[in-house]
Structure formats: structure tokens, C-alpha cells
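Presented below is the structure to which this report refers.
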Amino acid sequence: QVQLVESGGGLAQPGGSLRLSCVASGFTFSTHDMRWYRQTPGQEHELVASITSTSSRTNYIDSVKGRFTISRDNDKNTLYLQMNDLKVEDTAVYYCSGPRYLPIFASWGQGTQVTVSA
């Protein structure tokens with residue numbers, strides 16, 4: 001059974017930093033591309049960043065390019081999202097997942113709340 005446990009969220013001031021972690025279990029983490037999503041109330045999950053299984057390639061939405069960095073440690077089955085220069089509009093619940101078209105990733109974890117406010 002796939003388990004994805006996100007942590008590291010909290011309250012940050014604009015311009016501040018947070019580092020999110022996602023510990024994965026129940027599947028072969030090292031063979032799957034992984035992603036960070038975020039969701040605000042009443043909205044769909046938004047794909048924020050993705051990373052290939054070997055970390056050879058990363059992708060970001062335009063609004064976080066140059067500020068967020070996705071990375072992974074396959075030995076620790078852990079996905080990371082380093083968030084710098086945070087903006088109020090980054091406020092959301094952040095989730096990690098694999099490719100959503102795979103049935104094993106049909107469910108979401110509990111997510112971690114990021115709130116950016118002065």
C-alpha cells in the first residue's frame with residue numbers, strides 16, 4: 001500500500017524559506033518520477049514541480065522557477081521541495097505524488113500546510 005507522508009510546512013514571512021519533505025513507502029520509490037502539487041481552497045490540485053526517477057531532469061511551473069528546487073534521495077525514499085523567496089500566493093496545502101495516471105497514486109496523502117503571511 002502506497003504511503004506518502006509530507007512534512008515541513010508552516011508559517012513563513014514573504015521572502016522566507018521552507019523545506020518540504022515527503023517520505024514514501026509501499027512502492028519502489030527509485031523507479032518512479034515524482035511530483036509536488038499544491039491546492040488552495042476550492043481549487044484543483046496544481047502541479048508545481050516534477051523530477052525524474054534518477055534526478056536527471058526537473059520541471060517547474062513558471063511562477064516558482066528560480067525560487068523552488070525539487071530533489072530526491074532514493075536511498076532514503078524521500079522527496080524534497082526547497083522553497084525560497086516565498087510569496088503570499090504560495091500559500092497552499094502541498095502534496096507529493098507519483099504520476100497520477102498510475103492507479104497506485106490514486107489517493108493523496110495528508111499534505112502539509114504552507115502559509116506565507118506578514
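Going by the C-alpha cells order, chains are called A, B, ..., each with residues numbered from 1, while ligands are numbered from 1 in the order shown.
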Neighbouring residues of range 62-65 of chain A were defined as those with any atom within 10 Å, considering only C-alpha atoms; residues of the same chain fewer than 6 positions away were excluded. Please report them as an mmCIF file with N, CA, C and O atoms, in the first residue's frame.
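Everything below was put into part_22.cif:
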```
data_model
loop_
_atom_site.group_PDB
_atom_site.id
_atom_site.type_symbol
_atom_site.label_atom_id
_atom_site.label_comp_id
_atom_site.auth_asym_id
_atom_site.auth_seq_id
_atom_site.Cartn_x
_atom_site.Cartn_y
_atom_site.Cartn_z
ATOM 1 N N VAL A 48 3.249 21.560 -9.311
ATOM 2 C CA VAL A 48 4.231 22.611 -9.054
ATOM 3 C C VAL A 48 5.592 22.255 -9.628
ATOM 4 O O VAL A 48 6.254 23.084 -10.252
ATOM 5 N N ALA A 49 6.031 21.025 -9.382
ATOM 6 C CA ALA A 49 7.371 20.616 -9.803
ATOM 7 C C ALA A 49 7.398 19.106 -9.982
ATOM 8 O O ALA A 49 6.653 18.384 -9.318
ATOM 9 N N MET A 83 11.897 25.668 -0.868
ATOM 10 C CA MET A 83 11.134 26.830 -1.307
ATOM 11 C C MET A 83 11.784 28.087 -0.741
ATOM 12 O O MET A 83 11.819 28.270 0.480
ATOM 13 N N ASN A 84 12.303 28.915 -1.615
ATOM 14 C CA ASN A 84 12.942 30.167 -1.211
ATOM 15 C C ASN A 84 12.145 31.347 -1.748
ATOM 16 O O ASN A 84 11.328 31.201 -2.663
ATOM 17 N N ASP A 85 12.409 32.515 -1.187
ATOM 18 C CA ASP A 85 11.744 33.741 -1.628
ATOM 19 C C ASP A 85 10.234 33.526 -1.717
ATOM 20 O O ASP A 85 9.599 33.822 -2.737
ATOM 21 N N LEU A 86 9.681 33.001 -0.652
ATOM 22 C CA LEU A 86 8.258 32.673 -0.652
ATOM 23 C C LEU A 86 7.392 33.904 -0.837
ATOM 24 O O LEU A 86 7.721 35.014 -0.366
ATOM 25 N N LYS A 87 6.274 33.708 -1.516
ATOM 26 C CA LYS A 87 5.314 34.767 -1.782
ATOM 27 C C LYS A 87 3.959 34.388 -1.169
ATOM 28 O O LYS A 87 3.673 33.192 -0.973
ATOM 29 N N GLU A 89 1.209 34.219 -2.489
ATOM 30 C CA GLU A 89 0.467 33.331 -3.401
ATOM 31 C C GLU A 89 0.961 31.892 -3.384
ATOM 32 O O GLU A 89 0.369 31.031 -4.027
ATOM 33 N N ASP A 90 2.041 31.608 -2.649
ATOM 34 C CA ASP A 90 2.488 30.221 -2.479
ATOM 35 C C ASP A 90 1.707 29.522 -1.368
ATOM 36 O O ASP A 90 1.881 28.307 -1.164
#
```
Write out as a list of chain:residue names the residues lying within 7 Å of Phe29 in chain A, counting only C-alpha atoms and excluding same-chain residues fewer than 3 positions away.
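Within the cut-off, the hits are A:Ala24, A:His32, A:Asn74, A:Asn77.
The residue that comes closest to Val93 in chain A, out of A:Thr78, A:Ser117, A:Thr40, A:Ser17 and on the basis of only C-alpha atoms, is A:Thr40.
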DSSP on the backbone, then: every residue of range 24-73 of chain A marked helix (DSSP H, G or I), written as JSON, numbers by chain.
{"A": [29, 30, 31, 62, 63, 64]}
Could you write out the selected residues, including all heavy atoms, as a tab-separated table (two decimals), in the first residue's frame?
```
chain	number	residue	atom	x	y	z
A	29	PHE	N	10.26	3.40	-4.82
A	29	PHE	CA	10.42	4.85	-5.00
A	29	PHE	C	11.43	5.18	-6.09
A	29	PHE	O	11.19	6.07	-6.91
A	29	PHE	CB	10.86	5.45	-3.65
A	29	PHE	CG	11.07	6.93	-3.67
A	29	PHE	CD1	9.99	7.80	-3.65
A	29	PHE	CD2	12.35	7.47	-3.68
A	29	PHE	CE1	10.19	9.18	-3.64
A	29	PHE	CE2	12.56	8.83	-3.67
A	29	PHE	CZ	11.47	9.69	-3.66
A	30	SER	N	12.53	4.46	-6.12
A	30	SER	CA	13.64	4.82	-7.00
A	30	SER	C	13.33	4.65	-8.47
A	30	SER	O	14.10	5.13	-9.33
A	30	SER	CB	14.88	4.00	-6.63
A	30	SER	OG	14.62	2.62	-6.82
A	31	THR	N	12.23	3.99	-8.81
A	31	THR	CA	11.90	3.77	-10.22
A	31	THR	C	10.77	4.66	-10.72
A	31	THR	O	10.33	4.51	-11.86
A	31	THR	CB	11.53	2.30	-10.47
A	31	THR	OG1	10.34	1.99	-9.74
A	31	THR	CG2	12.66	1.37	-10.05
A	62	ASP	N	5.95	28.10	-14.12
A	62	ASP	CA	6.65	29.37	-14.29
A	62	ASP	C	6.70	30.19	-13.00
A	62	ASP	O	7.70	30.85	-12.71
A	62	ASP	CB	5.99	30.20	-15.39
A	62	ASP	CG	6.29	29.66	-16.77
A	62	ASP	OD1	7.23	28.84	-16.91
A	62	ASP	OD2	5.59	30.06	-17.73
A	63	SER	N	5.64	30.14	-12.22
A	63	SER	CA	5.55	31.01	-11.04
A	63	SER	C	6.54	30.64	-9.94
A	63	SER	O	6.76	31.44	-9.03
A	63	SER	CB	4.12	30.99	-10.49
A	63	SER	OG	3.76	29.70	-10.08
A	64	VAL	N	7.14	29.46	-9.99
A	64	VAL	CA	8.09	29.06	-8.94
A	64	VAL	C	9.51	28.88	-9.48
A	64	VAL	O	10.43	28.63	-8.71
A	64	VAL	CB	7.64	27.77	-8.21
A	64	VAL	CG1	6.21	27.91	-7.72
A	64	VAL	CG2	7.80	26.54	-9.09
```
Separation of CA of Phe27 in chain A and CA of Tyr80 in chain A, in Å?
17.5 Å
Applying 9 Å and only C-alpha atoms, which residues near Leu20 in chain A remain after dropping the ones on its own chain fewer than 6 positions away? List them as a VMD selection string.
chain A and resid 6 to 9 79 to 83 94 112
Just the strand (DSSP E) stuff from range 17-106 of chain A, please, per backbone DSSP, written as a short mmCIF file (atom, residue, chain, number, x, y, z; two decimals) with C-alpha atoms, in the first residue's frame.
```cif
data_model
loop_
_atom_site.label_atom_id
_atom_site.label_comp_id
_atom_site.auth_asym_id
_atom_site.auth_seq_id
_atom_site.Cartn_x
_atom_site.Cartn_y
_atom_site.Cartn_z
CA LEU A 18 10.77 26.38 3.90
CA ARG A 19 11.88 22.86 3.04
CA LEU A 20 9.23 20.23 2.50
CA SER A 21 9.86 16.50 2.77
CA CYS A 22 7.87 13.52 1.61
CA VAL A 23 8.69 10.04 2.86
CA ALA A 24 7.44 7.31 0.56
CA SER A 25 6.71 3.66 1.22
CA MET A 34 7.77 12.14 -8.54
CA ARG A 35 5.91 15.41 -8.25
CA TRP A 36 4.88 18.13 -5.84
CA TYR A 37 1.38 19.52 -6.12
CA ARG A 38 -0.41 22.24 -4.19
CA GLN A 39 -4.03 23.03 -3.53
CA GLU A 46 -1.86 22.25 -9.20
CA LEU A 47 1.32 20.55 -10.38
CA VAL A 48 4.23 22.61 -9.05
CA ALA A 49 7.37 20.62 -9.80
CA SER A 50 8.44 17.22 -11.07
CA ILE A 51 11.60 15.14 -11.05
CA THR A 58 13.32 18.59 -13.26
CA ASN A 59 10.44 20.81 -14.31
CA TYR A 60 8.65 23.69 -12.64
CA PHE A 68 11.77 26.34 -5.71
CA THR A 69 14.03 23.32 -6.08
CA ILE A 70 12.79 19.75 -6.21
CA SER A 71 15.16 16.95 -5.27
CA ARG A 72 15.12 13.38 -4.05
CA ASP A 73 17.17 10.88 -2.10
CA THR A 78 12.38 10.83 0.31
CA LEU A 79 11.32 13.68 -1.96
CA TYR A 80 12.12 17.30 -1.12
CA LEU A 81 10.96 20.75 -2.13
CA GLN A 82 13.19 23.66 -1.14
CA MET A 83 11.13 26.83 -1.31
CA ALA A 92 -1.49 26.23 -0.09
CA VAL A 93 -1.51 22.65 1.09
CA TYR A 94 1.38 20.85 -0.58
CA TYR A 95 1.24 17.19 -1.60
CA CYS A 96 3.69 14.79 -3.15
CA SER A 97 2.68 12.10 -5.59
#
```
Which one is closest to Arg67 in chain A: A:Thr91, A:Gln3, A:Gly16, A:Gly10? Count only C-alpha atoms.
A:Gly16
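Of the residues listed (A:Gly98, A:Ala118, A:Asp33, A:Ile104), A:Asp33 shows the shortest atom-to-atom separation from Ser55 in chain A; distances use only C-alpha atoms.
When CA of Val2 in chain A is paired with CA of Ile61 in chain A, their separation reads 26.0 Å.
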How far is it from CA of Thr28 in chain A to CA of Ser56 in chain A, in Å with one decimal?
17.6 Å
Hey, which of A:Val116, A:Gln13, A:Pro99, A:Phe105 ends up closest to Ser53 in chain A? Count only C-alpha atoms.
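Counting only C-alpha atoms, the residue closest to Ser53 in chain A is A:Pro99.
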